[in-house]
>>> print(open('run.json').read())   # JSON, C-alpha atoms
[["chain", "number", "residue", "atom", "x", "y", "z"],
["A", 276, "MET", "CA", 12.72, -1.18, 23.66],
["A", 277, "ASN", "CA", 14.09, -4.20, 21.82],
["A", 278, "LEU", "CA", 14.59, -3.24, 18.17],
["A", 279, "ASN", "CA", 16.20, -4.90, 15.17],
["A", 280, "HIS", "CA", 17.41, -1.71, 13.48],
["A", 281, "PRO", "CA", 16.82, 1.43, 15.59],
["A", 282, "GLU", "CA", 19.22, 3.36, 13.37],
["A", 283, "ALA", "CA", 16.78, 2.96, 10.45],
["A", 284, "THR", "CA", 14.36, 5.40, 12.07],
["A", 285, "ALA", "CA", 16.83, 8.28, 12.08],
["A", 286, "ALA", "CA", 17.90, 7.49, 8.51],
["A", 287, "ALA", "CA", 14.30, 7.45, 7.29],
["A", 288, "LEU", "CA", 13.40, 10.66, 9.11],
["A", 289, "ALA", "CA", 16.39, 12.39, 7.50],
["A", 290, "LEU", "CA", 15.13, 11.25, 4.10],
["A", 291, "LEU", "CA", 11.44, 12.05, 4.70],
["A", 292, "ARG", "CA", 10.14, 14.32, 1.92],
["A", 293, "ASN", "CA", 13.68, 15.42, 1.18],
["A", 294, "GLY", "CA", 13.99, 16.35, -2.49],
["A", 295, "SER", "CA", 17.73, 15.77, -2.82],
["A", 296, "PRO", "CA", 17.54, 12.05, -3.84],
["A", 297, "PHE", "CA", 14.99, 12.75, -6.61],
["A", 298, "GLN", "CA", 15.45, 10.88, -9.90],
["A", 299, "TRP", "CA", 13.66, 11.54, -13.21],
["A", 300, "TYR", "CA", 12.48, 7.94, -13.60],
["A", 301, "VAL", "CA", 9.70, 8.80, -11.13],
["A", 302, "ILE", "CA", 8.05, 10.87, -13.86],
["A", 303, "THR", "CA", 8.13, 7.87, -16.19],
["A", 304, "LEU", "CA", 6.57, 5.61, -13.54],
["A", 305, "LEU", "CA", 3.84, 8.19, -12.92],
["A", 306, "ALA", "CA", 3.16, 8.42, -16.65],
["A", 307, "LEU", "CA", 2.80, 4.64, -16.84],
["A", 308, "VAL", "CA", 0.30, 4.63, -13.96],
["A", 309, "ILE", "CA", -1.71, 7.37, -15.66],
["A", 310, "TYR", "CA", -1.64, 5.40, -18.92],
["A", 311, "ILE", "CA", -2.91, 2.24, -17.20],
["A", 312, "TYR", "CA", -5.85, 4.06, -15.65],
["A", 313, "ALA", "CA", -6.57, 6.05, -18.82],
["A", 314, "ASN", "CA", -6.68, 2.78, -20.78],
["A", 315, "GLU", "CA", -9.07, 1.22, -18.25],
["A", 316, "ILE", "CA", -11.30, 4.30, -18.35],
["A", 317, "SER", "CA", -11.40, 4.28, -22.15],
["A", 318, "ASN", "CA", -12.47, 0.62, -22.02],
["A", 319, "LYS", "CA", -14.98, 1.35, -19.23],
["A", 320, "ASN", "CA", -13.44, -1.28, -16.97],
["A", 321, "TRP", "CA", -14.95, 0.33, -13.90],
["A", 322, "ASN", "CA", -14.67, -2.73, -11.68],
["A", 323, "SER", "CA", -10.94, -3.06, -12.27],
["A", 324, "ILE", "CA", -10.56, 0.65, -11.58],
["A", 325, "ALA", "CA", -12.49, 0.22, -8.33],
["A", 326, "ALA", "CA", -10.25, -2.70, -7.37],
["A", 327, "GLY", "CA", -7.17, -0.58, -8.01],
["A", 328, "LEU", "CA", -8.32, 2.55, -6.22],
["A", 329, "SER", "CA", -9.72, 0.71, -3.19],
["A", 330, "LEU", "CA", -6.42, -1.11, -2.59],
["A", 331, "TYR", "CA", -4.55, 2.18, -3.00],
["A", 332, "MET", "CA", -6.75, 3.88, -0.42],
["A", 333, "VAL", "CA", -6.15, 1.06, 2.09],
["A", 334, "HIS", "CA", -2.43, 1.31, 1.32],
["A", 335, "TRP", "CA", -2.40, 5.00, 2.26],
["A", 336, "PHE", "CA", -4.44, 4.36, 5.40],
["A", 337, "VAL", "CA", -1.95, 1.70, 6.57],
["A", 338, "GLU", "CA", 1.04, 3.92, 5.81],
["A", 339, "ILE", "CA", -0.51, 6.79, 7.76],
["A", 340, "VAL", "CA", -1.04, 4.46, 10.73],
["A", 341, "ASN", "CA", 2.61, 3.37, 10.49],
["A", 342, "GLY", "CA", 3.64, 7.00, 10.54],
["A", 343, "LEU", "CA", 1.54, 7.62, 13.64],
["A", 344, "VAL", "CA", 3.10, 4.57, 15.32],
["A", 345, "GLN", "CA", 6.49, 6.16, 14.68],
["A", 346, "HIS", "CA", 5.38, 9.49, 16.15],
["A", 347, "PHE", "CA", 3.88, 8.09, 19.34],
["A", 348, "SER", "CA", 6.34, 5.25, 20.01],
["A", 349, "GLY", "CA", 9.51, 6.65, 18.47],
["A", 350, "HIS", "CA", 9.82, 3.88, 15.89],
["A", 351, "ALA", "CA", 7.62, 2.83, 12.98],
["A", 352, "LEU", "CA", 6.87, -0.83, 12.28],
["A", 353, "TRP", "CA", 8.70, -0.61, 8.95],
["A", 354, "THR", "CA", 10.84, 2.08, 7.37],
["A", 355, "VAL", "CA", 12.52, 2.96, 4.08],
["A", 356, "PRO", "CA", 15.89, 4.40, 5.15],
["A", 357, "THR", "CA", 17.47, 4.52, 1.69],
["A", 358, "GLY", "CA", 17.04, 3.66, -1.99],
["A", 359, "THR", "CA", 14.04, 5.81, -2.90],
["A", 360, "ALA", "CA", 13.89, 8.92, -5.05],
["A", 361, "PHE", "CA", 11.34, 10.47, -2.69],
["A", 362, "LEU", "CA", 10.15, 9.21, 0.70],
["A", 363, "LEU", "CA", 6.44, 10.06, 1.01],
["A", 364, "LEU", "CA", 5.94, 8.72, 4.54],
["A", 365, "ILE", "CA", 8.41, 6.95, 6.81],
["A", 366, "GLY", "CA", 7.51, 3.52, 5.46],
["A", 367, "VAL", "CA", 6.85, 4.16, 1.79],
["A", 368, "GLY", "CA", 8.81, 5.61, -1.09],
["A", 369, "VAL", "CA", 7.22, 6.99, -4.22],
["A", 370, "GLU", "CA", 8.17, 3.92, -6.29],
["A", 371, "LEU", "CA", 6.45, 1.49, -3.93],
["A", 372, "SER", "CA", 3.39, 3.71, -3.66],
["A", 373, "LEU", "CA", 3.04, 3.92, -7.44],
["A", 374, "MET", "CA", 3.24, 0.13, -7.63],
["A", 375, "PHE", "CA", 0.43, -0.20, -5.09],
["A", 376, "SER", "CA", -1.64, 2.30, -7.08],
["A", 377, "VAL", "CA", -2.04, -0.32, -9.82],
["A", 378, "ALA", "CA", -1.59, -3.60, -7.89],
["A", 379, "GLY", "CA", -5.29, -4.12, -7.21],
["A", 380, "LEU", "CA", -6.21, -3.29, -10.79],
["A", 381, "ILE", "CA", -3.63, -5.69, -12.21],
["A", 382, "PHE", "CA", -4.45, -8.65, -10.00],
["A", 383, "SER", "CA", -8.20, -8.15, -10.44],
["A", 384, "LYS", "CA", -7.65, -9.28, -14.05],
["A", 385, "LEU", "CA", -7.00, -12.78, -12.70],
["A", 386, "LEU", "CA", -10.27, -13.08, -10.78],
["A", 387, "PRO", "CA", -12.76, -15.71, -11.97],
["A", 388, "ASP", "CA", -15.89, -14.31, -13.62],
["A", 389, "ASP", "CA", -18.18, -15.90, -11.03],
["A", 390, "PRO", "CA", -17.72, -14.13, -7.67],
["A", 391, "LYS", "CA", -19.46, -17.00, -5.84],
["A", 392, "LYS", "CA", -17.28, -19.79, -7.18],
["A", 393, "LYS", "CA", -15.33, -21.68, -4.51],
["A", 394, "TYR", "CA", -11.99, -23.46, -4.53],
["A", 395, "LEU", "CA", -11.16, -25.82, -1.66],
["A", 396, "GLY", "CA", -14.40, -24.65, -0.07],
["A", 397, "ILE", "CA", -13.23, -21.03, 0.04],
["A", 398, "ASN", "CA", -14.83, -18.19, -1.91],
["A", 399, "ASN", "CA", -12.50, -17.35, -4.78],
["A", 400, "ARG", "CA", -12.31, -13.64, -3.88],
["A", 401, "MET", "CA", -11.00, -14.45, -0.41],
["A", 402, "LEU", "CA", -8.77, -17.25, -1.67],
["A", 403, "PHE", "CA", -7.19, -14.96, -4.26],
["A", 404, "ALA", "CA", -6.79, -12.26, -1.59],
["A", 405, "ILE", "CA", -4.99, -14.72, 0.69],
["A", 406, "GLY", "CA", -2.82, -15.96, -2.19],
["A", 407, "ASN", "CA", -1.76, -12.49, -3.26],
["A", 408, "ALA", "CA", -1.20, -11.46, 0.36],
["A", 409, "ALA", "CA", 1.08, -14.46, 0.83],
["A", 410, "PHE", "CA", 3.05, -13.60, -2.32],
["A", 411, "PHE", "CA", 3.63, -10.00, -1.23],
["A", 412, "SER", "CA", 4.51, -11.02, 2.34],
["A", 413, "ILE", "CA", 7.08, -13.54, 1.12],
["A", 414, "PHE", "CA", 8.54, -10.92, -1.22],
["A", 415, "GLU", "CA", 9.03, -8.61, 1.77],
["A", 416, "ILE", "CA", 11.34, -11.24, 3.25],
["A", 417, "PHE", "CA", 13.63, -10.52, 0.30],
["A", 418, "LEU", "CA", 13.20, -6.75, 0.66],
["A", 419, "VAL", "CA", 14.32, -6.71, 4.30],
["A", 420, "LYS", "CA", 17.56, -8.40, 3.26],
["A", 421, "THR", "CA", 18.37, -5.21, 1.32],
["A", 422, "PRO", "CA", 19.29, -1.85, 2.88],
["A", 423, "ALA", "CA", 16.19, -0.22, 1.36],
["A", 424, "PHE", "CA", 13.47, -1.74, 3.56],
["A", 425, "VAL", "CA", 13.56, -2.47, 7.28],
["A", 426, "TRP", "CA", 11.32, -4.27, 9.76],
["A", 427, "VAL", "CA", 12.21, -2.28, 12.86],
["A", 428, "HIS", "CA", 10.68, -4.44, 15.59],
["A", 429, "PRO", "CA", 11.69, -8.08, 16.08],
["A", 430, "TRP", "CA", 8.05, -9.19, 16.41],
["A", 431, "TRP", "CA", 7.07, -7.56, 13.10],
["A", 432, "GLY", "CA", 7.63, -9.78, 10.10],
["A", 433, "ALA", "CA", 6.12, -11.72, 7.21],
["A", 434, "LEU", "CA", 3.27, -13.23, 9.26],
["A", 435, "THR", "CA", 2.16, -9.97, 10.86],
["A", 436, "VAL", "CA", 2.34, -8.06, 7.58],
["A", 437, "PHE", "CA", 0.44, -10.90, 5.88],
["A", 438, "ILE", "CA", -2.44, -10.69, 8.39],
["A", 439, "THR", "CA", -2.65, -6.98, 9.16],
["A", 440, "VAL", "CA", -1.57, -5.39, 5.87],
["A", 441, "TYR", "CA", -1.79, -7.52, 2.76],
["A", 442, "ILE", "CA", -4.96, -9.50, 3.47],
["A", 443, "PRO", "CA", -6.88, -6.22, 4.05],
["A", 444, "PHE", "CA", -5.29, -4.76, 0.89],
["A", 445, "PHE", "CA", -6.46, -7.53, -1.40],
["A", 446, "ALA", "CA", -9.69, -8.47, 0.39],
["A", 447, "VAL", "CA", -11.03, -4.92, 0.07],
["A", 448, "SER", "CA", -9.79, -4.72, -3.53],
["A", 449, "PHE", "CA", -11.28, -8.00, -4.74],
["A", 450, "TYR", "CA", -14.61, -7.63, -2.95],
["A", 451, "CYS", "CA", -14.89, -4.03, -4.12],
["A", 452, "TYR", "CA", -14.52, -5.36, -7.67],
["A", 453, "ASP", "CA", -18.01, -6.94, -7.39],
["A", 454, "TRP", "CA", -19.82, -4.33, -5.33],
["A", 455, "PRO", "CA", -22.53, -2.13, -6.88],
["A", 456, "ARG", "CA", -21.15, 1.08, -8.35],
["A", 457, "SER", "CA", -22.70, 3.17, -5.57],
["A", 458, "THR", "CA", -21.00, 1.07, -2.89],
["A", 459, "GLN", "CA", -17.68, 1.25, -4.70],
["A", 460, "LYS", "CA", -17.90, 5.05, -4.78],
["A", 461, "LYS", "CA", -18.84, 5.26, -1.09],
["A", 462, "VAL", "CA", -16.00, 2.99, 0.05],
["A", 463, "ILE", "CA", -13.32, 4.59, -2.14],
["A", 464, "GLY", "CA", -14.61, 8.11, -1.46],
["A", 465, "GLY", "CA", -14.84, 7.47, 2.28],
["A", 466, "LEU", "CA", -11.32, 6.10, 2.50],
["A", 467, "PHE", "CA", -10.03, 8.99, 0.37],
["A", 468, "ALA", "CA", -11.67, 11.50, 2.72],
["A", 469, "ILE", "CA", -10.17, 9.81, 5.80],
["A", 470, "ASN", "CA", -6.70, 9.68, 4.23],
["A", 471, "ALA", "CA", -6.80, 13.24, 2.92],
["A", 472, "LEU", "CA", -7.98, 14.64, 6.26],
["A", 473, "SER", "CA", -5.36, 12.60, 8.12],
["A", 474, "LEU", "CA", -2.56, 13.86, 5.86],
["A", 475, "ILE", "CA", -3.73, 17.46, 6.21],
["A", 476, "ILE", "CA", -3.84, 17.21, 10.01],
["A", 477, "PHE", "CA", -1.02, 14.81, 10.88],
["A", 478, "ALA", "CA", 1.46, 15.73, 8.13],
["A", 479, "GLY", "CA", 0.53, 19.28, 7.15],
["A", 480, "ILE", "CA", -0.67, 20.94, 10.37],
["A", 481, "LEU", "CA", 0.90, 18.92, 13.19],
["A", 482, "GLY", "CA", 3.93, 17.58, 11.34],
["A", 483, "TRP", "CA", 3.66, 14.21, 13.08],
["A", 484, "ILE", "CA", 4.13, 11.95, 10.04]]
>>> encode(input="run.json", output="structure tokens")
Amino acid sequence: MNLNHPEATAAALALLRNGSPFQWYVITLLALVIYIYANEISNKNWNSIAAGLSLYMVHWFVEIVNGLVQHFSGHALWTVPTGTAFLLLIGVGVELSLMFSVAGLIFSKLLPDDPKKKYLGINNRMLFAIGNAAFFSIFEIFLVKTPAFVWVHPWWGALTVFITVYIPFFAVSFYCYDWPRSTQKKVIGGLFAINALSLIIFAGILGWI
């Protein structure tokens, strides 16, 4: 198997859910996330909350899939071999996960009021999803130049992560923002159930991820 950094897999597995690198700043980051959501709840900004939670659920689904890729093939698509206070799954540290927990909520604040408005002939929700996906994908190019984030396979890079990860992240988030409350609950609740069951089985019972 042709790999860019095969050694990153072993490093990440050694770090996986190992408490020794823990740092107290994680508690502060968690408190800030709780504050953001508490503030949105107090202001009854339910659509922004739905945008935030839906992206976070897709984030966990993608990270679980990456963990399963590692189990079945021997190498994940991306790993975090160092630099995190707590590695939740092979490709995501607690800091990155907390950022994604509020990313959809934050960027939903920039959405136009009219969900049907078009720019360049493209619905603004999809255009904003593509724009944000491009921004995050380009930022990953910087991350992989650091020791803390690794694209393991030579064919996995900014374009593949743009198409398969970040567009789904922001498309679900921004369309969920406009859905009826019942649909928002079904989508977020359904994804939560899938993720929770997957973590119980694949991480807790089988120890695969």
>>> closest_residue(input="run.json", among="A:Phe449, A:Val355, A:Glu338, A:Ser295", to="A:Thr421", atoms="all atoms listed in the file")
A:Val355
>>> closest_residue(input="run.json", among="A:Phe411, A:Phe444, A:Tyr450, A:Trp426", to="A:Asn398", atoms="all atoms listed in the file")
A:Tyr450
>>> residues_around(input="run.json", residues="A:Ile484", least_positions_apart="4", cutoff="6 Å", atoms="all atoms listed in the file", output="list in words")
Gly342, Phe477 and Ala478 of chain A
>>> write_last_selection(input="run.json", atoms="C-alpha atoms", output="CSV table (one decimal), in the coordinates of the input")
chain,number,residue,atom,x,y,z
A,342,GLY,CA,3.6,7.0,10.5
A,477,PHE,CA,-1.0,14.8,10.9
A,478,ALA,CA,1.5,15.7,8.1
>>> residues_around(input="run.json", residues="A:His428", least_positions_apart="2", cutoff="10 Å", atoms="all atoms listed in the file", output="PyMOL selection string")
chain A and resi 276-281+350-353+425-426+430-432
>>> write_last_selection(input="run.json", atoms="C-alpha atoms", output="mmCIF file, in the coordinates of the input")
data_model
loop_
_atom_site.group_PDB
_atom_site.id
_atom_site.type_symbol
_atom_site.label_atom_id
_atom_site.label_comp_id
_atom_site.auth_asym_id
_atom_site.auth_seq_id
_atom_site.Cartn_x
_atom_site.Cartn_y
_atom_site.Cartn_z
ATOM 1 C CA MET A 276 12.720 -1.180 23.660
ATOM 2 C CA ASN A 277 14.090 -4.200 21.820
ATOM 3 C CA LEU A 278 14.590 -3.240 18.170
ATOM 4 C CA ASN A 279 16.200 -4.900 15.170
ATOM 5 C CA HIS A 280 17.410 -1.710 13.480
ATOM 6 C CA PRO A 281 16.820 1.430 15.590
ATOM 7 C CA HIS A 350 9.820 3.880 15.890
ATOM 8 C CA ALA A 351 7.620 2.830 12.980
ATOM 9 C CA LEU A 352 6.870 -0.830 12.280
ATOM 10 C CA TRP A 353 8.700 -0.610 8.950
ATOM 11 C CA VAL A 425 13.560 -2.470 7.280
ATOM 12 C CA TRP A 426 11.320 -4.270 9.760
ATOM 13 C CA TRP A 430 8.050 -9.190 16.410
ATOM 14 C CA TRP A 431 7.070 -7.560 13.100
ATOM 15 C CA GLY A 432 7.630 -9.780 10.100
#
>>> closest_residue(input="run.json", among="A:Val308, A:Val440, A:Leu363, A:Leu395", to="A:Leu328", atoms="only C-alpha atoms")
A:Val308
>>> atom_distance(input="run.json", atom1="atom CA of A:Asn322", atom2="atom CA of A:Lys461")
13.9 Å
>>> atom_distance(input="run.json", atom1="atom CA of A:Leu481", atom2="atom CA of A:Ala289")
17.7 Å
>>> residues_around(input="run.json", residues="A:Ala423", least_positions_apart="6", cutoff="8 Å", atoms="all atoms listed in the file", output="JSON, numbers by chain")
{"A": [355, 356, 357, 358, 359]}
>>> atom_distance(input="run.json", atom1="atom CA of A:Gly479", atom2="atom CA of A:Ser329")
23.6 Å
>>> closest_residue(input="run.json", among="A:Leu380, A:Ala404, A:Met332, A:Ala325", to="A:Ser457", atoms="all atoms listed in the file")
A:Ala325
>>> closest_residue(input="run.json", among="A:Leu402, A:Val369, A:Val462, A:Ile480", to="A:Tyr300", atoms="all atoms listed in the file")
A:Val369
>>> closest_residue(input="run.json", among="A:Ala313, A:Ala433, A:Leu288, A:Ile365", to="A:Ile413", atoms="only C-alpha atoms")
A:Ala433
>>> axis_aligned_box(input="run.json", around="stretch 457-474 of chain A", padding_each_side="4 Å", output="AutoDock Vina command-line options")
--center_x -12.6 --center_y 7.9 --center_z 1.3 --size_x 28.1 --size_y 21.6 --size_z 21.7
>>> residues_around(input="run.json", residues="A:Ser448", least_positions_apart="5", cutoff="6 Å", atoms="only C-alpha atoms", output="list in words")
Ala326, Ser329, Leu330 and Gly379 of chain A
>>> residues_around(input="run.json", residues="A:Met401", least_positions_apart="3", cutoff="12 Å", atoms="only C-alpha atoms", output="list in words")
Leu386, Pro387, Pro390, Lys391, Lys392, Lys393, Tyr394, Leu395, Gly396, Ile397, Asn398, Ala404, Ile405, Gly406, Asn407, Ala408, Tyr441, Ile442, Pro443, Phe444, Phe445, Ala446, Val447, Ser448, Phe449, Tyr450 and Cys451 of chain A
>>> decode(input="run.json", residues="stretch 312-400 of chain A", atoms="C-alpha atoms", output="short mmCIF file (atom, residue, chain, number, x, y, z; two decimals), in the first residue's frame")
data_model
loop_
_atom_site.label_atom_id
_atom_site.label_comp_id
_atom_site.auth_asym_id
_atom_site.auth_seq_id
_atom_site.Cartn_x
_atom_site.Cartn_y
_atom_site.Cartn_z
CA TYR A 312 -25.48 27.17 23.04
CA ALA A 313 -26.97 28.48 26.29
CA ASN A 314 -27.00 31.98 24.80
CA GLU A 315 -28.71 30.73 21.63
CA ILE A 316 -31.29 28.84 23.69
CA SER A 317 -32.03 31.89 25.84
CA ASN A 318 -32.60 33.89 22.64
CA LYS A 319 -34.68 31.07 21.12
CA ASN A 320 -32.46 30.92 18.04
CA TRP A 321 -33.61 27.40 17.25
CA ASN A 322 -32.59 27.47 13.61
CA SER A 323 -29.00 28.37 14.43
CA ILE A 324 -28.97 25.64 17.06
CA ALA A 325 -30.26 23.17 14.46
CA ALA A 326 -27.54 24.28 12.03
CA GLY A 327 -24.89 23.73 14.70
CA LEU A 328 -26.10 20.36 15.92
CA SER A 329 -26.73 18.94 12.44
CA LEU A 330 -23.18 19.75 11.32
CA TYR A 331 -21.83 18.24 14.54
CA MET A 332 -23.75 15.02 13.96
CA VAL A 333 -22.39 14.73 10.40
CA HIS A 334 -18.91 15.43 11.78
CA TRP A 335 -19.18 12.49 14.18
CA PHE A 336 -20.56 10.22 11.46
CA VAL A 337 -17.61 11.03 9.17
CA GLU A 338 -15.08 10.51 11.97
CA ILE A 339 -16.62 7.13 12.81
CA VAL A 340 -16.34 6.11 9.16
CA ASN A 341 -12.69 7.19 9.16
CA GLY A 342 -12.11 5.05 12.22
CA LEU A 343 -13.71 2.06 10.50
CA VAL A 344 -11.53 2.63 7.44
CA GLN A 345 -8.53 2.41 9.74
CA HIS A 346 -9.77 -0.81 11.31
CA PHE A 347 -10.52 -2.63 8.07
CA SER A 348 -7.65 -1.32 5.93
CA GLY A 349 -4.99 -0.72 8.56
CA HIS A 350 -4.78 3.02 7.90
CA ALA A 351 -7.30 5.83 8.29
CA LEU A 352 -7.70 8.52 5.65
CA TRP A 353 -6.50 11.18 8.10
CA THR A 354 -5.01 10.98 11.58
CA VAL A 355 -4.03 13.20 14.50
CA PRO A 356 -0.73 11.70 15.70
CA THR A 357 0.21 14.50 18.10
CA GLY A 358 -0.72 17.93 19.44
CA THR A 359 -4.08 17.18 21.07
CA ALA A 360 -4.97 17.04 24.75
CA PHE A 361 -7.26 14.07 24.11
CA LEU A 362 -7.69 12.03 20.93
CA LEU A 363 -11.37 11.04 20.68
CA LEU A 364 -11.10 8.98 17.49
CA ILE A 365 -8.08 8.37 15.28
CA GLY A 366 -8.77 11.44 13.14
CA VAL A 367 -10.11 13.95 15.63
CA GLY A 368 -8.86 15.52 18.83
CA VAL A 369 -11.12 17.11 21.41
CA GLU A 370 -10.16 20.65 20.35
CA LEU A 371 -11.14 20.10 16.72
CA SER A 372 -14.36 18.37 17.71
CA LEU A 373 -15.37 21.24 19.98
CA MET A 374 -14.74 23.66 17.13
CA PHE A 375 -17.02 21.65 14.84
CA SER A 376 -19.68 21.62 17.55
CA VAL A 377 -20.22 25.35 16.97
CA ALA A 378 -19.05 25.79 13.35
CA GLY A 379 -22.49 25.32 11.80
CA LEU A 380 -24.09 27.63 14.34
CA ILE A 381 -21.52 30.36 13.77
CA PHE A 382 -21.58 30.30 9.98
CA SER A 383 -25.39 30.12 9.88
CA LYS A 384 -25.32 33.71 11.17
CA LEU A 385 -24.02 34.76 7.74
CA LEU A 386 -26.86 33.19 5.75
CA PRO A 387 -29.18 35.56 3.85
CA ASP A 388 -32.68 35.85 5.29
CA ASP A 389 -34.29 34.57 2.08
CA PRO A 390 -33.48 30.85 1.64
CA LYS A 391 -34.53 30.99 -2.03
CA LYS A 392 -32.28 33.86 -3.04
CA LYS A 393 -29.68 32.97 -5.69
CA TYR A 394 -26.20 34.26 -6.43
CA LEU A 395 -24.61 33.42 -9.78
CA GLY A 396 -27.65 31.25 -10.41
CA ILE A 397 -26.94 29.08 -7.37
CA ASN A 398 -29.19 28.84 -4.32
CA ASN A 399 -27.50 30.79 -1.53
CA ARG A 400 -27.61 27.87 0.93
#
